[in-house]
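> Here it is, the structure, as structure tokens.
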Amino acid sequence: MHGFAYDPVHDEIIVTSPFAQAILIFRGGANGEEPPLRVIQGPHTQIIAPNYNSFDRATVDGVNGEIYVPIAPKSILVFDQQANGDVAPKRRLDGTQGGAIAVDPVHNVLVENNHDALMIYDRTASGNVKPKAVIEGPKANVGTMMTFQVYPPKGWIIAGCGPAYASSLAICAWSINDNGDVAPRWRLPAQQLSGGYQPSGIALDPVHKEIMLSASGQKIQVARPSSGIMNAVTTFYWPEIY
Amino acid sequence: MRKDGKRRNQRGRVLTGVAILAASAFGWRMWLEASGSARLISTEEVGEACERPVPAESPVRAASENLFAAFEPQSVYAQDSRTQDVTRPPLRYIRDSDPIYSYVALDPRRNEVVMLDSNLWSIRFFDRLENTPPGALRTEPKRIISGDKTVLAFNSCMYIDPQNGDIYSVENDVGNMVEVFSDSAEGDVAPLRKLVVTHRAYALAVDEGKQELFVSVQFPPAVEVYRKQASGEEKPLRVLKGDNTRLADAHGMAIDEKKKLLFVNNWGNISDLKVAGTGRFEEPSITVYSLDAKGDTAPVRVIQGPKTQLDWPGNMSLDPETGDLYVANDVGNSILVFHGTDQGDVAPARVIKGTGTGLSTPVSVIVDAKNRELWVANTGNASATVYPLAANGNVAPLRTIRSAPEGKQSLKFGKTQAVAYDSVRQQILVPN
């Protein structure tokens, strides 16, 4: 599993099942072999997963009650969060790149992390539309990770930076209002600080002003973690972004 | 396909490998807790934690207030600022310092049991008769293969050549290869050869008579058959693949050389990857084929249904004397034994299960036909346990090789690529 989401508004976990072309919505406190609350699956869903890394991530906007899933080759499907069964998506955004996505319901934008760029769309965009802003370039130094986050109260995009695929050497913060080759405001050199873990996933805890990073040893660019333990979740204190 | 508004127990689908960990909000000593089970304490201390405020409000209210506060415009502009580095070390780590075993194999020439570890990325060798004494911290392996040159990573299966002891291992993630090590390999050594296989390869099996190497592929589901000595980009001799095969998220395999049969177990997640909306969840199964089957060939029989108790079946092994098929039943926390002739919705002939067995998320079994024993690799507690081959029920193991202290509960991390935070419960969600 490369990416999934937790929605505190509805207390639900949203995750994809790529081989079965399904979106599973679980109760937030689900445990053991507890079945999902709802399953979105079927011909009307338009869900397809023909490539490696396709339909392997989901994000949720609990404020507007919507689930977003990137599908290959180049689309994002948006479902009502309460959808169940063989239902069509509410919207479909085409021309995207199949990368990780995050939604900012305050600024009403959808952000996609595509290789070395952050593409910013209107949250309700549909069809084949161009992004309204693109953060990329040598100063921006955007990387690629399996997931990234936005922090809507302050308008931060928290994503990987540094040359990488599926994992990055550092985590950076850009503004949701940035466009072009813009340097990040903050940089957390996670690989260097953590003893070698190159993060691939990000989670935010605004209450404690912390950020959690998952790492799995994939695509090591520098060296193995000094501990020799390949799988880890690391927590940093990062009050500046909150 | 599910009906609207209804829940149904979908075994094998629910557990997507999400481990829910509760992180204490206080101090740097952290509790790792899976709901409803014994607690595991992380022993990792990462130095001084920065002072941080303790929230006075409840977690639910905190999450809600944060959400509503978000509607006040407070956007920042970073365009003209120089990048500032954060230099604080991590507050905490969640990681398992012990091996997480994904496979057990036997080397009868050396009288050794060999364990495959997907956490520290290693292969570990022990005497077959080793039995970790109660109270001992662990049994240290006789030797270890590990390091960058080995290209070991998230390996899921091994095969040990009964003639020369060569060690075959398949990587289940982005490695996309089978590595072959010499029987005397130790330390950070390169494999003798590497064979590129299809992405998501899971299990290996060998037909020694025909010198053919079988590789199962989870998705799109297939069984690829190579020359046993194949290397590099060599193509398979044949491929079993297609809708009629009823392969569906293929996992463990076993070969009956006498009867010329191939057994494959399936988790049941299936779709036509080229057609949107064709996905479905089928019951887990064991599909049986002629050993030379290829193309879109239907199985000769199928074991499938609720009586089978199959629940994320892992690696399998066949007793060449009786033809019985042993299945490591991961989520079922059991070993299922079927007759090789079984088909349909049948109960296993025997089931090893219970609190006295020492089983903990078993993912691999291997039959020791010579000594009439059955070995199991337990992902859940960094151990290998061995039983009489005819064992049934809640039986204690004959011996246990532990690579961790007694009572160990593994994090069972298997490639931690994503993470989420449950702000309501203040828990970290980690899939693998």
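We name chains A, B, ... following the order of the structure tokens; residues begin at 1 in each chain, and ligands are numbered from 1 as shown.
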Return as number ranges by chain the residues belonging to chain A that are within 6 Å of chain B, counting only C-alpha atoms.
A: 2-3, 19-21, 33, 35, 42-43, 46-50, 84-85, 106, 153-155, 175, 182, 184-188, 193, 200-201, 203, 214-216, 228-236
> Could you write out the selected residues, including N, CA and C atoms, as a short mmCIF file (atom, residue, chain, number, x, y, z; two decimals), in the first residue's frame?

```
data_model
loop_
_atom_site.label_atom_id
_atom_site.label_comp_id
_atom_site.auth_asym_id
_atom_site.auth_seq_id
_atom_site.Cartn_x
_atom_site.Cartn_y
_atom_site.Cartn_z
N HIS A 2 0.66 2.13 -0.91
CA HIS A 2 1.54 3.28 -1.05
C HIS A 2 0.97 4.56 -0.45
N GLY A 3 -0.30 4.59 -0.18
CA GLY A 3 -0.88 5.80 0.40
C GLY A 3 -2.32 5.58 0.77
N PHE A 19 -5.77 -4.36 -6.72
CA PHE A 19 -5.98 -5.56 -7.53
C PHE A 19 -7.47 -5.79 -7.77
N ALA A 20 -8.31 -5.38 -6.83
CA ALA A 20 -9.75 -5.59 -6.96
C ALA A 20 -10.47 -4.31 -7.38
N GLN A 21 -9.73 -3.27 -7.73
CA GLN A 21 -10.32 -2.02 -8.21
C GLN A 21 -11.41 -1.51 -7.27
N GLU A 33 -10.36 -8.46 11.73
CA GLU A 33 -11.05 -8.73 10.47
C GLU A 33 -12.41 -8.05 10.43
N PRO A 35 -15.13 -5.81 8.72
CA PRO A 35 -15.40 -5.44 7.34
C PRO A 35 -15.50 -3.93 7.19
N GLY A 42 -17.00 -1.37 -9.04
CA GLY A 42 -17.93 -1.74 -10.11
C GLY A 42 -17.69 -0.97 -11.39
N PRO A 43 -18.40 -1.34 -12.45
CA PRO A 43 -18.16 -0.75 -13.78
C PRO A 43 -18.40 0.76 -13.85
N GLN A 46 -15.42 3.69 -12.92
CA GLN A 46 -14.32 4.06 -13.83
C GLN A 46 -12.94 3.77 -13.22
N ILE A 47 -12.89 3.02 -12.15
CA ILE A 47 -11.61 2.72 -11.51
C ILE A 47 -10.85 1.70 -12.36
N ILE A 48 -9.61 2.04 -12.66
CA ILE A 48 -8.75 1.14 -13.44
C ILE A 48 -7.34 1.27 -12.90
N ALA A 49 -6.59 0.18 -12.96
CA ALA A 49 -5.23 0.20 -12.39
C ALA A 49 -4.28 -0.60 -13.28
N PRO A 50 -3.99 -0.08 -14.44
CA PRO A 50 -3.22 -0.87 -15.40
C PRO A 50 -1.72 -0.88 -15.17
N ASN A 84 -21.34 4.22 -1.99
CA ASN A 84 -21.21 2.79 -1.67
C ASN A 84 -21.67 2.00 -2.89
N GLY A 85 -20.92 1.00 -3.22
CA GLY A 85 -21.30 0.14 -4.34
C GLY A 85 -20.81 0.66 -5.68
N VAL A 106 -9.58 24.78 2.64
CA VAL A 106 -9.64 26.19 3.02
C VAL A 106 -9.35 27.06 1.80
N PRO A 153 -4.68 25.50 7.53
CA PRO A 153 -4.76 26.74 8.32
C PRO A 153 -3.68 27.75 7.95
N LYS A 154 -2.51 27.26 7.58
CA LYS A 154 -1.42 28.18 7.24
C LYS A 154 -1.10 28.16 5.73
N GLY A 155 -1.72 27.27 5.02
CA GLY A 155 -1.47 27.21 3.59
C GLY A 155 -0.13 26.61 3.21
N SER A 175 4.47 27.38 0.04
CA SER A 175 3.18 28.01 0.25
C SER A 175 2.22 27.55 -0.83
N VAL A 182 10.16 28.34 -7.05
CA VAL A 182 10.16 29.00 -5.75
C VAL A 182 10.81 28.09 -4.72
N PRO A 184 11.62 26.44 -1.19
CA PRO A 184 10.76 26.17 -0.03
C PRO A 184 11.11 27.11 1.12
N ARG A 185 10.14 27.31 2.00
CA ARG A 185 10.35 28.16 3.16
C ARG A 185 11.14 27.42 4.24
N TRP A 186 10.85 26.17 4.38
CA TRP A 186 11.50 25.34 5.38
C TRP A 186 11.98 24.04 4.75
N ARG A 187 13.03 23.50 5.33
CA ARG A 187 13.56 22.22 4.88
C ARG A 187 13.95 21.40 6.10
N LEU A 188 13.42 20.19 6.15
CA LEU A 188 13.77 19.26 7.23
C LEU A 188 14.58 18.13 6.60
N LEU A 193 19.07 13.66 9.49
CA LEU A 193 18.79 13.76 10.92
C LEU A 193 18.40 12.42 11.54
N SER A 200 9.07 8.22 2.71
CA SER A 200 8.19 8.06 1.56
C SER A 200 6.76 8.47 1.88
N GLY A 201 6.43 8.62 3.16
CA GLY A 201 5.07 9.02 3.54
C GLY A 201 5.13 10.06 4.65
N ALA A 203 2.70 12.31 7.66
CA ALA A 203 1.46 12.57 8.39
C ALA A 203 1.71 13.77 9.31
N SER A 214 7.23 8.01 7.28
CA SER A 214 7.45 6.58 7.13
C SER A 214 8.60 6.37 6.14
N ALA A 215 9.38 5.32 6.38
CA ALA A 215 10.50 4.99 5.50
C ALA A 215 10.60 3.48 5.40
N SER A 216 10.99 2.99 4.23
CA SER A 216 10.99 1.54 4.04
C SER A 216 12.23 1.02 3.34
N GLY A 228 20.57 -0.39 10.55
CA GLY A 228 20.37 -1.67 9.87
C GLY A 228 18.91 -2.09 9.81
N ILE A 229 18.04 -1.31 10.43
CA ILE A 229 16.60 -1.61 10.44
C ILE A 229 15.98 -0.84 9.29
N MET A 230 15.35 -1.56 8.36
CA MET A 230 14.96 -0.92 7.11
C MET A 230 13.60 -0.24 7.18
N ASN A 231 12.71 -0.68 8.05
CA ASN A 231 11.36 -0.13 8.12
C ASN A 231 11.20 0.72 9.38
N ALA A 232 10.75 1.95 9.24
CA ALA A 232 10.62 2.79 10.43
C ALA A 232 9.62 3.90 10.21
N VAL A 233 9.06 4.39 11.31
CA VAL A 233 8.29 5.63 11.31
C VAL A 233 9.00 6.57 12.28
N THR A 234 9.33 7.75 11.81
CA THR A 234 10.09 8.72 12.61
C THR A 234 9.23 9.94 12.88
N THR A 235 9.28 10.45 14.08
CA THR A 235 8.50 11.63 14.44
C THR A 235 9.44 12.78 14.76
N PHE A 236 9.16 13.93 14.14
CA PHE A 236 9.90 15.17 14.38
C PHE A 236 8.98 16.22 14.98
#
```
> Report the residues of region 129-240 of chain A whose backbone DSSP state falls under strand (DSSP E or B), written as a ChimeraX atom specification.
/A:133-136,142,149-151,156-161,170-175,180,186-188,199-205,210-215,232-237
> From a backbone DSSP assignment, name each residue in region 157-334 of chain B labelled helix (DSSP H, G or I), as a list in words.
Asp243, Asn244, Thr245, Pro306, Lys307 and Thr308 of chain B
> Just write the chosen residues, N, CA and C atoms, as a compact mmCIF listing (two decimals), in the first residue's frame.

```
# COMPACT_ATOMS: atom_id res chain seq x y z
N ASP B 243 -7.75 -15.66 -17.47
CA ASP B 243 -8.97 -15.76 -16.66
C ASP B 243 -9.33 -17.20 -16.32
N ASN B 244 -9.11 -18.11 -17.24
CA ASN B 244 -9.51 -19.50 -16.99
C ASN B 244 -8.65 -20.19 -15.94
N THR B 245 -7.49 -19.63 -15.66
CA THR B 245 -6.61 -20.26 -14.67
C THR B 245 -7.19 -20.12 -13.26
N PRO B 306 -15.80 -21.52 2.55
CA PRO B 306 -15.64 -21.20 3.98
C PRO B 306 -15.13 -22.35 4.84
N LYS B 307 -15.42 -23.59 4.46
CA LYS B 307 -14.95 -24.71 5.28
C LYS B 307 -13.44 -24.85 5.23
N THR B 308 -12.83 -24.31 4.21
CA THR B 308 -11.38 -24.49 4.06
C THR B 308 -10.60 -23.73 5.12
```
> Between CA of Gln304 (chain B) and CA of Ser169 (chain B), what is the distance in Å, rounded to a tenth?
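Atom-to-atom, CA of Gln304 (chain B) to CA of Ser169 (chain B), that is 28.5 Å.
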> Give me, as a list of chain:residue names, all polymer residues having an atom no more than 7 Å from Pro70 (chain A), counting only C-alpha atoms and skipping those fewer than 3 positions away in the same chain.
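Within the cut-off, the hits are A:Phe55, A:Arg57, A:Ser75, A:Ile76, A:Leu77, A:Gly98, A:Gly99.
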> Might you pull out every residue within 10 Å of region 387-403 of chain B, with only C-alpha atoms counted and same-chain residues fewer than 4 positions away left off, and present them as a PyMOL selection string?
chain B and resi 98-101+113+124+126-134+136-141+319+326+334-337+349-359+367-369+371-378+381-383+408
> Excluding Phe148 (chain A) and any residue of its chain fewer than 4 positions from it, enumerate the residues within 12 Å of it, using only C-alpha atoms, and give them as number ranges by chain.
A: 2-5, 57-59, 99-103, 111-114, 118, 142-144, 156-161, 166-168, 171-174, 199-204, 211-214; B: 417-420
> Kindly save the residues from that selection, with N, CA and C atoms included, as a tab-separated table (two decimals), in the first residue's frame.

```tsv
chain	number	residue	atom	x	y	z
A	2	HIS	N	0.66	2.13	-0.91
A	2	HIS	CA	1.54	3.28	-1.05
A	2	HIS	C	0.97	4.56	-0.45
A	3	GLY	N	-0.30	4.59	-0.18
A	3	GLY	CA	-0.88	5.80	0.40
A	3	GLY	C	-2.32	5.58	0.77
A	4	PHE	N	-2.73	6.14	1.90
A	4	PHE	CA	-4.11	6.02	2.31
A	4	PHE	C	-4.43	7.25	3.17
A	5	ALA	N	-5.63	7.33	3.69
A	5	ALA	CA	-6.01	8.57	4.37
A	5	ALA	C	-6.88	8.29	5.58
A	57	ARG	N	-3.18	4.95	-4.13
A	57	ARG	CA	-3.24	6.00	-3.12
A	57	ARG	C	-4.63	6.60	-3.07
A	58	ALA	N	-4.98	7.12	-1.92
A	58	ALA	CA	-6.27	7.81	-1.77
A	58	ALA	C	-6.08	8.97	-0.82
A	59	THR	N	-6.85	10.04	-1.05
A	59	THR	CA	-6.88	11.12	-0.08
A	59	THR	C	-8.34	11.51	0.13
A	99	GLY	N	0.28	11.01	-9.78
A	99	GLY	CA	1.09	11.09	-8.57
A	99	GLY	C	0.24	11.24	-7.32
A	100	ALA	N	0.92	11.40	-6.18
A	100	ALA	CA	0.22	11.60	-4.91
A	100	ALA	C	-0.54	12.91	-4.95
A	101	ILE	N	-1.65	12.97	-4.21
A	101	ILE	CA	-2.48	14.17	-4.19
A	101	ILE	C	-2.86	14.54	-2.77
A	102	ALA	N	-3.18	15.81	-2.58
A	102	ALA	CA	-3.66	16.31	-1.29
A	102	ALA	C	-4.66	17.42	-1.57
A	103	VAL	N	-5.62	17.59	-0.65
A	103	VAL	CA	-6.68	18.57	-0.85
A	103	VAL	C	-6.65	19.59	0.28
A	111	VAL	N	-3.80	19.54	-4.89
A	111	VAL	CA	-2.38	19.58	-5.23
A	111	VAL	C	-1.94	18.17	-5.64
A	112	GLU	N	-1.19	18.10	-6.70
A	112	GLU	CA	-0.64	16.82	-7.14
A	112	GLU	C	0.88	16.91	-7.13
A	113	ASN	N	1.54	15.88	-6.61
A	113	ASN	CA	2.99	15.80	-6.62
A	113	ASN	C	3.40	14.88	-7.76
A	114	ASN	N	3.89	15.46	-8.78
A	114	ASN	CA	4.28	14.69	-9.95
A	114	ASN	C	5.78	14.80	-10.15
A	118	LEU	N	4.97	20.29	-8.11
A	118	LEU	CA	3.70	20.33	-7.39
A	118	LEU	C	2.71	21.10	-8.27
A	142	VAL	N	11.63	20.21	-5.89
A	142	VAL	CA	10.58	19.30	-5.44
A	142	VAL	C	10.99	17.86	-5.72
A	143	GLY	N	10.76	16.99	-4.75
A	143	GLY	CA	11.03	15.57	-4.93
A	143	GLY	C	9.73	14.81	-5.16
A	144	THR	N	9.80	13.51	-5.07
A	144	THR	CA	8.61	12.67	-5.24
A	144	THR	C	8.51	11.72	-4.07
A	156	TRP	N	0.35	25.67	3.96
A	156	TRP	CA	1.61	25.00	3.63
A	156	TRP	C	1.36	23.75	2.80
A	157	ILE	N	2.29	23.50	1.89
A	157	ILE	CA	2.38	22.21	1.23
A	157	ILE	C	3.64	21.55	1.81
A	158	ILE	N	3.46	20.37	2.40
A	158	ILE	CA	4.58	19.67	3.03
A	158	ILE	C	4.88	18.44	2.18
A	159	ALA	N	5.99	18.46	1.47
A	159	ALA	CA	6.27	17.38	0.52
A	159	ALA	C	7.76	17.11	0.48
A	160	GLY	N	8.13	16.11	-0.31
A	160	GLY	CA	9.53	15.74	-0.41
A	160	GLY	C	10.31	16.73	-1.24
A	161	CYS	N	11.58	16.86	-0.91
A	161	CYS	CA	12.47	17.68	-1.73
A	161	CYS	C	13.80	16.96	-1.88
A	166	ALA	N	9.92	7.92	-5.23
A	166	ALA	CA	9.18	7.19	-4.21
A	166	ALA	C	9.62	7.55	-2.80
A	167	SER	N	10.81	8.09	-2.65
A	167	SER	CA	11.21	8.59	-1.34
A	167	SER	C	12.14	9.77	-1.56
A	168	SER	N	12.28	10.59	-0.55
A	168	SER	CA	13.10	11.80	-0.69
A	168	SER	C	14.13	11.87	0.43
A	171	ILE	N	12.23	16.83	3.71
A	171	ILE	CA	10.84	17.30	3.64
A	171	ILE	C	10.88	18.83	3.63
A	172	CYS	N	10.14	19.42	2.73
A	172	CYS	CA	10.13	20.87	2.61
A	172	CYS	C	8.71	21.42	2.69
A	173	ALA	N	8.65	22.72	2.95
A	173	ALA	CA	7.34	23.40	3.04
A	173	ALA	C	7.31	24.55	2.05
A	174	TRP	N	6.34	24.48	1.14
A	174	TRP	CA	6.08	25.56	0.21
A	174	TRP	C	4.72	26.16	0.56
A	199	PRO	N	12.34	9.30	3.79
A	199	PRO	CA	10.89	9.17	3.97
A	199	PRO	C	10.15	9.00	2.65
A	200	SER	N	9.07	8.22	2.71
A	200	SER	CA	8.19	8.06	1.56
A	200	SER	C	6.76	8.47	1.88
A	201	GLY	N	6.43	8.62	3.16
A	201	GLY	CA	5.07	9.02	3.54
A	201	GLY	C	5.13	10.06	4.65
A	202	ILE	N	4.10	10.93	4.70
A	202	ILE	CA	4.06	12.02	5.67
A	202	ILE	C	2.70	12.04	6.36
A	203	ALA	N	2.70	12.31	7.66
A	203	ALA	CA	1.46	12.57	8.39
A	203	ALA	C	1.71	13.77	9.31
A	204	LEU	N	0.67	14.55	9.55
A	204	LEU	CA	0.80	15.75	10.38
A	204	LEU	C	-0.01	15.61	11.66
A	211	ILE	N	5.44	16.01	13.02
A	211	ILE	CA	5.29	15.41	11.70
A	211	ILE	C	5.86	14.00	11.78
A	212	MET	N	5.12	13.06	11.18
A	212	MET	CA	5.57	11.67	11.17
A	212	MET	C	5.96	11.28	9.75
A	213	LEU	N	7.05	10.57	9.63
A	213	LEU	CA	7.55	10.17	8.33
A	213	LEU	C	7.74	8.66	8.31
A	214	SER	N	7.23	8.01	7.28
A	214	SER	CA	7.45	6.58	7.13
A	214	SER	C	8.60	6.37	6.14
B	417	GLN	N	5.70	2.24	3.62
B	417	GLN	CA	5.80	3.34	2.66
B	417	GLN	C	4.84	4.48	2.95
B	418	ALA	N	3.83	4.24	3.74
B	418	ALA	CA	2.84	5.29	3.99
B	418	ALA	C	2.59	5.41	5.49
B	419	VAL	N	1.98	6.52	5.89
B	419	VAL	CA	1.64	6.73	7.29
B	419	VAL	C	0.49	7.73	7.34
B	420	ALA	N	-0.37	7.58	8.33
B	420	ALA	CA	-1.46	8.54	8.55
B	420	ALA	C	-1.59	8.75	10.05
```
> Grab the CA of Ile255 (chain B) to CA of Ser184 (chain B) distance for me, in Å with one decimal place.
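Distance reported for this atom pair: 26.4 Å.
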> Restricting the calculation to only C-alpha atoms, which member of A:Gln191, A:Asn64, A:Thr45, A:Ser54 is positioned closest to Val9 (chain A)?
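The answer is A:Asn64, which sits nearest to Val9 (chain A).
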> Could you pull the residues within 6 Å of Leu261 (chain B), counting only C-alpha atoms, minus those fewer than 5 positions along the same chain, as a list in words?
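Residues near the query, excluding close chain neighbours: Ile255, Asp256, Tyr289, Ser290 and Leu291 of chain B.
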> Measuring between only C-alpha atoms, which one of B:Thr287, B:Gln211, B:Thr322, B:Ser410 shows the shortest distance to Lys259 (chain B)?
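Once distances to Lys259 (chain B) are computed over only C-alpha atoms, the minimum belongs to B:Thr322.
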> Which neighbours of region 23-30 of chain A fall inside 8 Å, counting only C-alpha atoms, when residues of the same chain fewer than 6 positions from it are skipped, and could you give them as a list in words?
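Final neighbour list, sorted by chain and number: Tyr6, Asp11, Glu12, Ile13, Ile14, Val15, Thr16, Ser17, Pro36, Leu37, Arg38, Val39, Ile40 and Gln41 of chain A; Asp422 of chain B.
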